[in-house]
Amino acid sequence: MTAQTGLQPDLSRAPRRLGRASGNERVTGRVFQLTLVACLAFGVLVLALLIYDVINDGASRFNLDLLRNMPSGRPLQAGIQSAMMGTIWVIVTVAVITMPLGIAAAVYLEEYADKRRWYNRAIELNIQNLAAVPSVVYGILGLAYFARGPLDLGGSVLTIALTLSLLVLPIVIISCREAIRAIPTSIREGSLALGATRLQTVRRQILPNAIPGTATGSILALSRAIGEAAPVLLVAGGLVFITFNPEGVLSQATVLPIQIFNYVGRPQDEFRAVAAAAIMVLLIILLVMNSAAILIRNRYQRKW
Amino acid sequence: MLFAAAFVSVLTTVGIVLSLLDGTRAFLTEVPLVDFLTGTEWTPLFANGEYGVLPIVSATFMITGIGIVVAIPLGLGAALYLSEYASPLSRRIWKPVLEVLAGIPSVVFGFFAISFVTPNVLAPLLGEGLARPSNALAAGLVVGVLIIPIVASLSEDALSAVPQTMRDGALALGSTRTKVARKVVLPAALSGVMASFVLALSRGIGETMVAVIAAGSIAQLSADPREPMQTMTAFIAQAAAGDQPTGSLGYNTLFAVGLLLFLITLFINVISIRLVRRFREVYE
């Protein structure tokens, strides 16, 4: 059935009855509503079980030694220090790459691009499509061009960061565009009417007003990058232990999700506890970032 | 300057397509296309390996299929509740919970599949027939949970976009709330709801870490979800993690599978964008 036919619901066959619903109908309605609530509750139940399972497995290893020790094949000494440092290096680099690019692209598409030009429409469609490409495919791109091939950077911080940057760039662009679109046209017109140039309007009016929305969107995009494992697995491998912290963007690195994957795959039971403890660290980082994003959204977002 | 920034996204697409085509062309000089697409044995990383892609394609669709069967009713049910029944207050509580579920990294879901779903849920139900620690069923169920938030939030957007006057009209004609939800709102939002299913499908097909961790690394053509299976994404991840030398047949195989995966998801995404567009035209 198409949406068009849905616009004229065929009510001729429905019983025409005025007043209160019959007892039978009331029971059906109640059952239907309860079924819907159950659907919603299922998701929440799984979330609770997942968190319980992770804490149950990982609590015994969730301590400072986990952060102090390097990854190791001996389960009792195994830690996540280099992975933690790797994640921090990678995320800062991703932020440095994606923020200017994402904001610039969003400003172009919202403030300058002429929608009648085919190439601007092509860019838009392209961003939409890119946001839905599987993350592992970005890993293939990174493997062919960044880790090997033309750039030949190996499994370095920069390789991982470039790959993840391409992955989250569409998300950053989309959220920045929404932030810019939320600014009413009257602000632009007011600024232009007072004699400001287009560039001045963008710099003094549009960008400052778009900061909260942009920040929220960027933090959410970065937290997506922190949790991604598949593309990093492709560009940096995942089977060896990296027992040193990165010293620059060109040193070899590993990140938390990869270290978790590495520990999960080992047969000894003790590693399962280490993996679960590392997951607790990862989830806490994500929780802090998401809370920050929500806080910024609630505190600074203006209603026009 | 600004145009250049926007153009980076186009370059990304070009880069993806070029890198995939390049590796695939090298792959096809050694393996005939027909053998690749119709063969039923997949052992590319062995000496004298077989290059029939069907086992990993069928495993991908099996796991995604299980996931979709879980996610469509649950996600749509949650969306209907949120848009038709929930009070503004309960919507403010439930929606962030779904967002948290959507924000959990897939490697964590993979851990959950082998450390909880297989031993504590499936093993007591299925007993001996279940392969441990890896099987397609656990991976499929967890992929389903992973895509519930996608179905729920996109469907909810579509359902909420149905004009209130249509609900009021149906209620005024004596329909019950249940009938309004099922016979008026749902059909009116159908193309948006379908788009959410399609997008969830493409997300399931592209899901990598759950498949690598929970579905195993044995590529076999089987209809039994209790057995381990290797998906296309899992093969790509495993082959890359094994550090294939650049230019070797094993390395090029990765690109051929990647191209196939990219084409499948691209096809699905185009359908979903079309559906969304049609749904927008109706109400704007």
# chains A, B, ... in the order shown; residues from 1 in each chain; ligands from 1
$ interface_residues --of "chain B" --to "chain A" --cutoff "6 Å" --atoms "only C-alpha atoms" --output "number ranges by chain"
B: 2, 5-6, 16, 74, 77-78, 81, 105, 174, 178, 184, 187-188, 206, 240-241
$ residues_around --residues "range 179-195 of chain A" --least-positions-apart "5" --cutoff "12 Å" --atoms "only C-alpha atoms" --output "PDB file with C-alpha atoms, in the first residue's frame"
ATOM      1  CA  ILE A 103      32.208  22.969   9.829  1.00  0.00           C
ATOM      2  CA  ALA A 104      33.573  24.367   6.558  1.00  0.00           C
ATOM      3  CA  ALA A 105      31.597  21.860   4.503  1.00  0.00           C
ATOM      4  CA  ALA A 106      28.428  22.588   6.484  1.00  0.00           C
ATOM      5  CA  VAL A 107      28.827  26.365   6.076  1.00  0.00           C
ATOM      6  CA  TYR A 108      29.354  25.902   2.355  1.00  0.00           C
ATOM      7  CA  LEU A 109      26.308  23.681   1.903  1.00  0.00           C
ATOM      8  CA  GLU A 110      24.010  25.848   4.037  1.00  0.00           C
ATOM      9  CA  GLU A 111      25.186  29.396   3.307  1.00  0.00           C
ATOM     10  CA  VAL A 172      29.849  15.883  11.680  1.00  0.00           C
ATOM     11  CA  ILE A 173      28.691  17.623   8.489  1.00  0.00           C
ATOM     12  CA  ILE A 174      25.068  16.559   8.953  1.00  0.00           C
ATOM     13  CA  GLN A 200      31.270  38.804   8.193  1.00  0.00           C
ATOM     14  CA  THR A 201      27.779  37.437   8.658  1.00  0.00           C
ATOM     15  CA  VAL A 202      29.089  33.888   8.691  1.00  0.00           C
ATOM     16  CA  ARG A 203      31.929  34.705  11.092  1.00  0.00           C
ATOM     17  CA  ARG A 204      30.135  37.007  13.523  1.00  0.00           C
ATOM     18  CA  GLN A 205      26.565  35.678  13.450  1.00  0.00           C
ATOM     19  CA  ILE A 206      26.282  32.188  12.044  1.00  0.00           C
ATOM     20  CA  LEU A 207      29.306  30.459  13.564  1.00  0.00           C
ATOM     21  CA  PRO A 208      28.951  31.785  17.159  1.00  0.00           C
ATOM     22  CA  ASN A 209      25.266  30.874  17.188  1.00  0.00           C
ATOM     23  CA  ALA A 210      25.935  27.418  15.791  1.00  0.00           C
ATOM     24  CA  ILE A 211      28.563  26.517  18.416  1.00  0.00           C
ATOM     25  CA  PRO A 212      26.339  24.572  20.873  1.00  0.00           C
ATOM     26  CA  GLY A 213      24.726  22.428  18.182  1.00  0.00           C
ATOM     27  CA  THR A 214      28.051  21.887  16.459  1.00  0.00           C
ATOM     28  CA  ALA A 215      29.747  20.907  19.704  1.00  0.00           C
ATOM     29  CA  THR A 216      27.002  18.432  20.578  1.00  0.00           C
ATOM     30  CA  GLY A 217      27.092  16.824  17.152  1.00  0.00           C
ATOM     31  CA  SER A 218      30.873  16.646  17.080  1.00  0.00           C
ATOM     32  CA  ARG A 297      22.622  20.900  24.291  1.00  0.00           C
ATOM     33  CA  GLN A 301      20.858  25.754  22.948  1.00  0.00           C
ATOM     34  CA  ARG A 302      18.736  28.808  22.166  1.00  0.00           C
ATOM     35  CA  LYS A 303      15.142  28.683  21.084  1.00  0.00           C
ATOM     36  CA  TRP A 304      14.459  31.304  18.435  1.00  0.00           C
TER      37      TRP A 304
END
$ closest_residue --among "A:Arg266, A:Arg121, A:Arg61, A:Arg74" --to "Ile213 in chain B" --atoms "only C-alpha atoms"
A:Arg266
$ closest_residue --among "B:Ile66, B:Leu45, B:Asp157, B:Leu125" --to "Asp243 in chain B" --atoms "only C-alpha atoms"
B:Leu45
$ select_by_dssp --residues "range 29-258 of chain B" --states "alpha helix (DSSP H)" --output "number ranges by chain"
B: 29-30, 33-38, 54-80, 88-103, 106-112, 123-126, 136-160, 164-172, 177-179, 186-188, 190-206, 209-210, 232-241, 249-258
$ write_last_selection --atoms "C-alpha atoms" --output "short mmCIF file (atom, residue, chain, number, x, y, z; two decimals), in the first residue's frame"
data_model
loop_
_atom_site.label_atom_id
_atom_site.label_comp_id
_atom_site.auth_asym_id
_atom_site.auth_seq_id
_atom_site.Cartn_x
_atom_site.Cartn_y
_atom_site.Cartn_z
CA THR B 29 42.71 -11.82 -13.30
CA GLU B 30 43.32 -14.91 -11.18
CA LEU B 33 34.00 -13.95 -12.06
CA VAL B 34 31.58 -16.84 -12.54
CA ASP B 35 33.52 -19.07 -10.13
CA PHE B 36 33.59 -16.23 -7.58
CA LEU B 37 29.86 -15.54 -7.72
CA THR B 38 28.55 -19.10 -8.02
CA LEU B 54 28.15 -17.99 -1.74
CA PRO B 55 28.86 -19.38 1.76
CA ILE B 56 29.81 -15.98 3.19
CA VAL B 57 26.99 -14.20 1.33
CA SER B 58 24.43 -16.67 2.63
CA ALA B 59 25.84 -16.37 6.17
CA THR B 60 25.54 -12.57 5.91
CA PHE B 61 21.89 -12.81 4.90
CA MET B 62 21.15 -15.50 7.48
CA ILE B 63 22.49 -13.40 10.36
CA THR B 64 20.93 -10.18 9.06
CA GLY B 65 17.66 -12.04 8.49
CA ILE B 66 17.55 -13.25 12.09
CA GLY B 67 18.37 -9.72 13.20
CA ILE B 68 15.60 -8.19 11.08
CA VAL B 69 13.03 -10.70 12.37
CA VAL B 70 13.92 -9.59 15.90
CA ALA B 71 14.23 -5.87 15.24
CA ILE B 72 11.22 -5.14 13.01
CA PRO B 73 8.40 -6.11 15.37
CA LEU B 74 10.18 -4.84 18.49
CA GLY B 75 11.38 -1.60 16.91
CA LEU B 76 8.06 -0.87 15.24
CA GLY B 77 6.15 -1.69 18.44
CA ALA B 78 8.35 0.66 20.41
CA ALA B 79 7.89 3.38 17.77
CA LEU B 80 4.10 3.01 17.76
CA PRO B 88 5.51 13.65 26.73
CA LEU B 89 7.13 12.78 30.05
CA SER B 90 7.56 9.08 29.33
CA ARG B 91 8.83 9.91 25.86
CA ARG B 92 11.50 12.08 27.50
CA ILE B 93 12.57 9.10 29.60
CA TRP B 94 12.40 6.32 26.98
CA LYS B 95 14.02 8.02 24.02
CA PRO B 96 17.40 8.63 25.71
CA VAL B 97 17.42 4.97 26.78
CA LEU B 98 17.12 3.93 23.14
CA GLU B 99 19.87 6.42 22.27
CA VAL B 100 22.15 4.81 24.86
CA LEU B 101 21.42 1.40 23.34
CA ALA B 102 22.30 2.82 19.92
CA GLY B 103 25.57 4.26 21.25
CA SER B 106 29.46 -3.24 18.48
CA VAL B 107 32.53 -4.92 19.96
CA VAL B 108 30.68 -4.77 23.30
CA PHE B 109 27.65 -6.44 21.73
CA GLY B 110 29.97 -9.14 20.41
CA PHE B 111 31.25 -9.77 23.92
CA PHE B 112 27.66 -9.88 25.18
CA ALA B 123 22.40 -23.18 25.57
CA PRO B 124 19.61 -24.00 28.08
CA LEU B 125 17.01 -23.77 25.28
CA LEU B 126 18.79 -25.67 22.53
CA ALA B 136 25.01 -17.75 13.77
CA LEU B 137 21.91 -17.64 15.97
CA ALA B 138 23.54 -15.69 18.83
CA ALA B 139 25.15 -13.29 16.36
CA GLY B 140 21.82 -12.77 14.56
CA LEU B 141 19.87 -12.13 17.77
CA VAL B 142 22.44 -9.61 18.98
CA VAL B 143 22.54 -7.87 15.57
CA GLY B 144 18.76 -7.64 15.98
CA VAL B 145 19.12 -5.87 19.33
CA LEU B 146 21.71 -3.58 17.80
CA ILE B 147 19.34 -2.40 15.05
CA ILE B 148 16.22 -2.01 17.22
CA PRO B 149 17.09 1.66 17.94
CA ILE B 150 17.42 2.39 14.20
CA VAL B 151 14.00 0.93 13.39
CA ALA B 152 12.45 2.54 16.47
CA SER B 153 13.77 6.06 16.04
CA LEU B 154 13.30 6.34 12.25
CA SER B 155 9.82 4.77 12.37
CA GLU B 156 8.88 7.07 15.19
CA ASP B 157 9.88 10.07 13.08
CA ALA B 158 7.68 8.80 10.26
CA LEU B 159 4.70 8.07 12.52
CA SER B 160 4.96 11.43 14.27
CA GLN B 164 -2.96 15.07 13.80
CA THR B 165 -6.09 15.87 11.79
CA MET B 166 -6.06 12.36 10.35
CA ARG B 167 -6.11 10.84 13.84
CA ASP B 168 -8.84 13.24 14.94
CA GLY B 169 -10.89 12.44 11.86
CA ALA B 170 -10.73 8.70 12.44
CA LEU B 171 -11.52 9.10 16.14
CA ALA B 172 -14.49 11.30 15.28
CA ARG B 177 -7.26 4.22 19.47
CA THR B 178 -5.99 0.81 18.42
CA LYS B 179 -7.72 1.15 15.06
CA LEU B 186 0.64 3.08 10.24
CA PRO B 187 -0.54 2.95 6.59
CA ALA B 188 -0.04 6.70 6.22
CA LEU B 190 4.25 3.22 5.63
CA SER B 191 6.96 4.43 3.26
CA GLY B 192 8.92 6.06 6.10
CA VAL B 193 8.53 2.93 8.18
CA MET B 194 9.71 0.79 5.26
CA ALA B 195 12.71 3.07 4.83
CA SER B 196 13.67 2.43 8.45
CA PHE B 197 13.50 -1.34 7.83
CA VAL B 198 15.66 -1.00 4.75
CA LEU B 199 18.25 1.11 6.55
CA ALA B 200 18.32 -1.38 9.43
CA LEU B 201 18.87 -4.14 6.87
CA SER B 202 21.90 -2.36 5.44
CA ARG B 203 23.25 -1.72 8.94
CA GLY B 204 22.89 -5.43 9.71
CA ILE B 205 24.68 -6.49 6.54
CA GLY B 206 27.57 -4.13 7.32
CA MET B 209 32.45 -6.99 15.10
CA VAL B 210 29.45 -9.00 16.31
CA MET B 232 31.42 -11.21 4.37
CA THR B 233 32.40 -8.56 6.91
CA ALA B 234 33.91 -11.16 9.23
CA PHE B 235 36.02 -12.51 6.37
CA ILE B 236 37.30 -9.02 5.54
CA ALA B 237 38.23 -8.35 9.15
CA GLN B 238 39.86 -11.73 9.61
CA ALA B 239 41.84 -11.58 6.38
CA ALA B 240 43.11 -8.09 7.17
CA ALA B 241 44.00 -8.96 10.75
CA LEU B 249 45.74 -13.10 -3.96
CA GLY B 250 44.60 -13.22 -0.31
CA TYR B 251 44.97 -9.42 -0.09
CA ASN B 252 43.06 -8.87 -3.34
CA THR B 253 40.27 -11.21 -2.25
CA LEU B 254 39.54 -8.76 0.55
CA PHE B 255 38.81 -6.04 -2.01
CA ALA B 256 36.59 -8.27 -4.13
CA VAL B 257 34.46 -9.13 -1.10
CA GLY B 258 34.54 -5.47 -0.04
#
$ residues_around --residues "Asn245 in chain A" --least-positions-apart "3" --cutoff "12 Å" --atoms "only C-alpha atoms" --output "count of residues only"
27
$ atom_distance --atom1 "CA of Ile160 in chain A" --atom2 "CA of Ile268 in chain B"
27.8 Å
$ closest_residue --among "B:Ala86, B:Leu122, B:Val117, B:Ile218" --to "Thr43 in chain B" --atoms "only C-alpha atoms"
B:Ile218
